[in-house]
Amino acid sequence: MAVTRRYFLKSSGVALASTALAPSFLKRTVLAGSRGSGTDRPIIIAIFQRGAADGVSMVVPFGDRSYRNARPQIAVPEPKNGNADAALDLDGFFGLHPALSPFNPIYDAGHLAIVHAVGSPDNTRSHFDAQDYMESATPGRKSTPDGWLNRYMTAKKDADATAFRAVAFSANMPRILMGTEPAIAMTNISDFGVRAGAGNNQVAQSFEALYAQGADDMLHGTGKEAFEAVKMLKRANPQQHRPTNGANYPRSPFGQSLLQIAQLIKSDIGLEVAFTDVGGWDTHANQGASRGQLANRLQDFSQGISALHRDLGDRMGNIVILTMTEFGRTIRQNGSGGTDHGHASCLFALGGPVKGGKVYGKWPGLATEQLYEGRDLALTTDFRDVFAEVAARHLGASRLNTIFPGYDPNPANFRGFIR
């Protein structure tokens with residue numbers, strides 16, 4: 001059949017957030033290998049728990065007397081010696097869900113911080129809207145055209161940036177990376193390239209020749225640079241880097257995405273912003289307590305992140321792993337043994353720049369009169385203050401009002417979890 005540029009776009013493993021790539025951009029990419037290991041460059045790895053993860057099950061407020069009363073079947077037991085199903089005591093008030101046990105040594109070593117009662121000030125309980133608001137960092141505003149991490153890259157231009165400055169392991173470009181700065185989305189490193197027929201080199205060369213036709217074609221430059229990015233990744237061969245330090249990634253899609261993020265970092269091709277997501281957190285029924293549906297998700301989640309932390313070793317000295325979820329769950333369990341859409345939740349931050357070993361944030365309480373709208377964990381930390389602290393103190397951004405339009409992140413509201 002006839003091969004067209006449109007067919008290539010639909011058949012390629014390349015997804016670009018912007019078509020505004022200049023030829024010089026890939027020239028910098030080609031030279032990236034000469035810039036050294038890149039271990040002194042700050043990196044953020046953002047992970048979205050899609051579906052609204054239950055913060056009070058992930059980080060259990062066992063010291064709040066109202067907790068168990070609201071959840072007679074799904075409350076995680078308070079810490080007790082010898083009880084494998086009990087929460088893992090953090091500070092005498094909060095405890096980790098036992099399925100998050102891989103996080104415990106990282107917390108104890110001071111490299112894992114938790115921010116509780118965090119979320120969006122918008123009261124929507126729509127997954128779609130809340131995720132959109134969190135990724136755009138403009139709660140309540142649907143018209144925002146770009147994501148906050150893309151705006152960060154715009155605000156902090158990097159003359160030495162490569163095509164792989166921002167990479168998402170996702171089938172589509174996530175909202176958080178959409179914008180004027182280039183970003184790449186891929187589902188698998190090995191699929192980043194031409195996928196047509198047998199996907200052999202002859203097919204790729206045919207597509208490349210097709211793009212070379214017509215210098216005035218608006219896709220000419222973008223297509224050429226896409227092929228250059230493919231070639232660069234092939235030369236770097238990230239998959240040559242095997243897990244180190246005894247890291248064992250889950251075989252799940254989430255675990256394999258984290259493995260590939262580590263491979264890109266080790267390849268030193270200029271990765272600064274990485275993103276992936278993991279679903280399965282919408283636990284309306286049969287949520288379980290220490291075991292069950294939620295515990296299974298938490299086990300995959302914590303094992304994957306723990307493996308990433310272990311694998312990157314000394315490189316974690318300038319890396320922050322930041323998790324997020326669109327909102328939390330209701331405090332009271334429902335009639336199906338689950339929880340419904342709520343308000344505030346919790347998030348995790350790991351890495352060398354993190355002042356860990358602490359649960360940050362003001363605890364609002366779980367008594368009925370303390371709940372948001374009489375049903376949910378109340379918000380005491382706006383997620384934008386958390387994101388802004390990472391952007392300013394870890395990534396070195398200074399123009400925070402351009403990264404978070406319509407909001408003035410006040411350093412006085414920062415929780416102090418970044419050194």
# chains A, B, ... in the order shown; residues from 1 in each chain; ligands from 1
$ residues_around --residues "range 310-313 of chain A" --least-positions-apart "3" --cutoff "8 Å" --atoms "only C-alpha atoms" --output "ChimeraX atom specification"
/A:243-247,262,266,306-307,316
$ select_by_dssp --residues "range 120-285 of chain A" --states "helix (DSSP H, G or I)" --output "MDAnalysis selection string"
chainID A and resid 127:136 148:155 175:177 189:191 201:212 218:236 238:240 253:266
$ closest_residue --among "A:Tyr67, A:Phe383, A:Phe48, A:Phe192" --to "Ile331 in chain A" --atoms "only C-alpha atoms"
A:Tyr67
$ residues_around --residues "Gly280 in chain A" --least-positions-apart "2" --cutoff "8 Å" --atoms "only C-alpha atoms" --output "PyMOL selection string"
chain A and resi 50-51+278+282-283+297
$ write_last_selection --atoms "N, CA and C atoms" --output "compact mmCIF listing (two decimals), in the first residue's frame"
# COMPACT_ATOMS: atom_id res chain seq x y z
N ARG A 50 -3.70 7.11 39.62
CA ARG A 50 -4.99 7.48 39.03
C ARG A 50 -6.12 6.65 39.61
N GLY A 51 -7.18 7.33 40.01
CA GLY A 51 -8.33 6.64 40.56
C GLY A 51 -8.65 7.06 41.98
N VAL A 278 -0.10 4.95 37.43
CA VAL A 278 -0.54 3.61 37.80
C VAL A 278 -1.99 3.71 38.27
N ASP A 282 -9.52 3.13 42.56
CA ASP A 282 -10.93 3.53 42.76
C ASP A 282 -11.67 2.41 43.48
N THR A 283 -11.46 2.31 44.78
CA THR A 283 -11.89 1.16 45.58
C THR A 283 -13.28 1.37 46.18
N ARG A 297 -2.56 -3.44 45.29
CA ARG A 297 -2.10 -2.28 44.54
C ARG A 297 -0.92 -1.62 45.25
$ closest_residue --among "A:Arg165, A:Arg315, A:Arg251, A:Arg415" --to "Met153 in chain A" --atoms "only C-alpha atoms"
A:Arg165
$ closest_atom_pairs --of "range 95-184 of chain A" --to "range 350-355 of chain A" --cutoff "10 Å" --atoms "only C-alpha atoms" --output "JSON lines"
{"residue": "A:Phe103", "atom": "CA", "partner": "A:Leu350", "partner_atom": "CA", "distance": 9.4}
{"residue": "A:Ile106", "atom": "CA", "partner": "A:Leu350", "partner_atom": "CA", "distance": 8.0}
{"residue": "A:Tyr107", "atom": "CA", "partner": "A:Leu350", "partner_atom": "CA", "distance": 8.5}
{"residue": "A:Ala109", "atom": "CA", "partner": "A:Lys355", "partner_atom": "CA", "distance": 10.0}
{"residue": "A:Gly110", "atom": "CA", "partner": "A:Lys355", "partner_atom": "CA", "distance": 6.2}
{"residue": "A:His111", "atom": "CA", "partner": "A:Gly351", "partner_atom": "CA", "distance": 5.4}
{"residue": "A:Leu112", "atom": "CA", "partner": "A:Leu350", "partner_atom": "CA", "distance": 4.4}
{"residue": "A:Ala113", "atom": "CA", "partner": "A:Leu350", "partner_atom": "CA", "distance": 6.4}
{"residue": "A:Ile114", "atom": "CA", "partner": "A:Leu350", "partner_atom": "CA", "distance": 8.8}
$ residues_around --residues "His394 in chain A" --least-positions-apart "5" --cutoff "9 Å" --atoms "only C-alpha atoms" --output "number ranges by chain"
A: 42-44, 318-320, 353-354, 389, 418-419
$ closest_residue --among "A:Leu271, A:Pro79, A:Leu96, A:Asp340" --to "Asp108 in chain A" --atoms "only C-alpha atoms"
A:Leu96
$ residues_around --residues "Phe94 in chain A" --least-positions-apart "2" --cutoff "10 Å" --atoms "only C-alpha atoms" --output "compact mmCIF listing (two decimals) with N, CA and C atoms, in the first residue's frame"
# COMPACT_ATOMS: atom_id res chain seq x y z
N VAL A 56 -5.84 7.63 53.98
CA VAL A 56 -5.88 7.19 55.37
C VAL A 56 -5.68 5.69 55.51
N MET A 58 -3.25 4.32 53.23
CA MET A 58 -1.83 4.29 52.90
C MET A 58 -0.98 4.71 54.10
N VAL A 59 -1.36 5.82 54.71
CA VAL A 59 -0.67 6.31 55.91
C VAL A 59 -1.73 6.44 56.99
N VAL A 60 -1.78 5.44 57.85
CA VAL A 60 -2.89 5.21 58.77
C VAL A 60 -2.79 6.10 60.01
N PRO A 61 -3.81 6.91 60.27
CA PRO A 61 -3.81 7.73 61.49
C PRO A 61 -4.35 6.94 62.68
N PHE A 62 -3.61 5.89 63.06
CA PHE A 62 -4.12 5.00 64.11
C PHE A 62 -4.27 5.72 65.45
N GLY A 63 -3.59 6.86 65.60
CA GLY A 63 -3.70 7.61 66.84
C GLY A 63 -4.96 8.45 66.94
N ASP A 64 -5.71 8.54 65.85
CA ASP A 64 -6.98 9.28 65.86
C ASP A 64 -8.09 8.33 66.29
N GLU A 78 -3.85 -1.07 64.46
CA GLU A 78 -2.76 -0.26 64.98
C GLU A 78 -1.54 -1.14 65.25
N PRO A 79 -0.36 -0.54 65.27
CA PRO A 79 0.87 -1.33 65.43
C PRO A 79 0.89 -2.14 66.72
N ALA A 87 -0.38 -1.82 61.07
CA ALA A 87 0.34 -0.70 60.46
C ALA A 87 1.76 -0.65 61.02
N LEU A 88 2.67 -0.11 60.22
CA LEU A 88 4.06 0.02 60.61
C LEU A 88 4.26 1.40 61.24
N ASP A 89 4.51 1.42 62.52
CA ASP A 89 4.56 2.68 63.27
C ASP A 89 5.62 3.62 62.72
N LEU A 90 5.21 4.87 62.46
CA LEU A 90 6.12 5.90 61.97
C LEU A 90 6.52 6.87 63.07
N ASP A 91 5.53 7.33 63.85
CA ASP A 91 5.82 8.37 64.84
C ASP A 91 4.92 8.30 66.06
N GLY A 92 4.25 7.18 66.26
CA GLY A 92 3.34 7.04 67.39
C GLY A 92 1.92 7.47 67.10
N LEU A 96 2.49 3.23 58.39
CA LEU A 96 2.38 2.80 57.00
C LEU A 96 1.51 1.56 56.89
N HIS A 97 0.71 1.49 55.83
CA HIS A 97 0.01 0.25 55.52
C HIS A 97 1.05 -0.85 55.39
N HIS A 116 0.56 14.69 54.46
CA HIS A 116 -0.81 14.19 54.66
C HIS A 116 -1.81 15.34 54.61
N LYS A 358 9.65 11.77 58.31
CA LYS A 358 8.66 12.61 58.97
C LYS A 358 7.38 12.66 58.15
N VAL A 359 6.24 12.76 58.85
CA VAL A 359 4.95 13.01 58.21
C VAL A 359 4.67 14.51 58.34
$ atom_distance --atom1 "CA of Ala130 in chain A" --atom2 "CA of Glu272 in chain A"
25.6 Å
$ atom_distance --atom1 "CA of Asp132 in chain A" --atom2 "CA of Arg384 in chain A"
13.5 Å
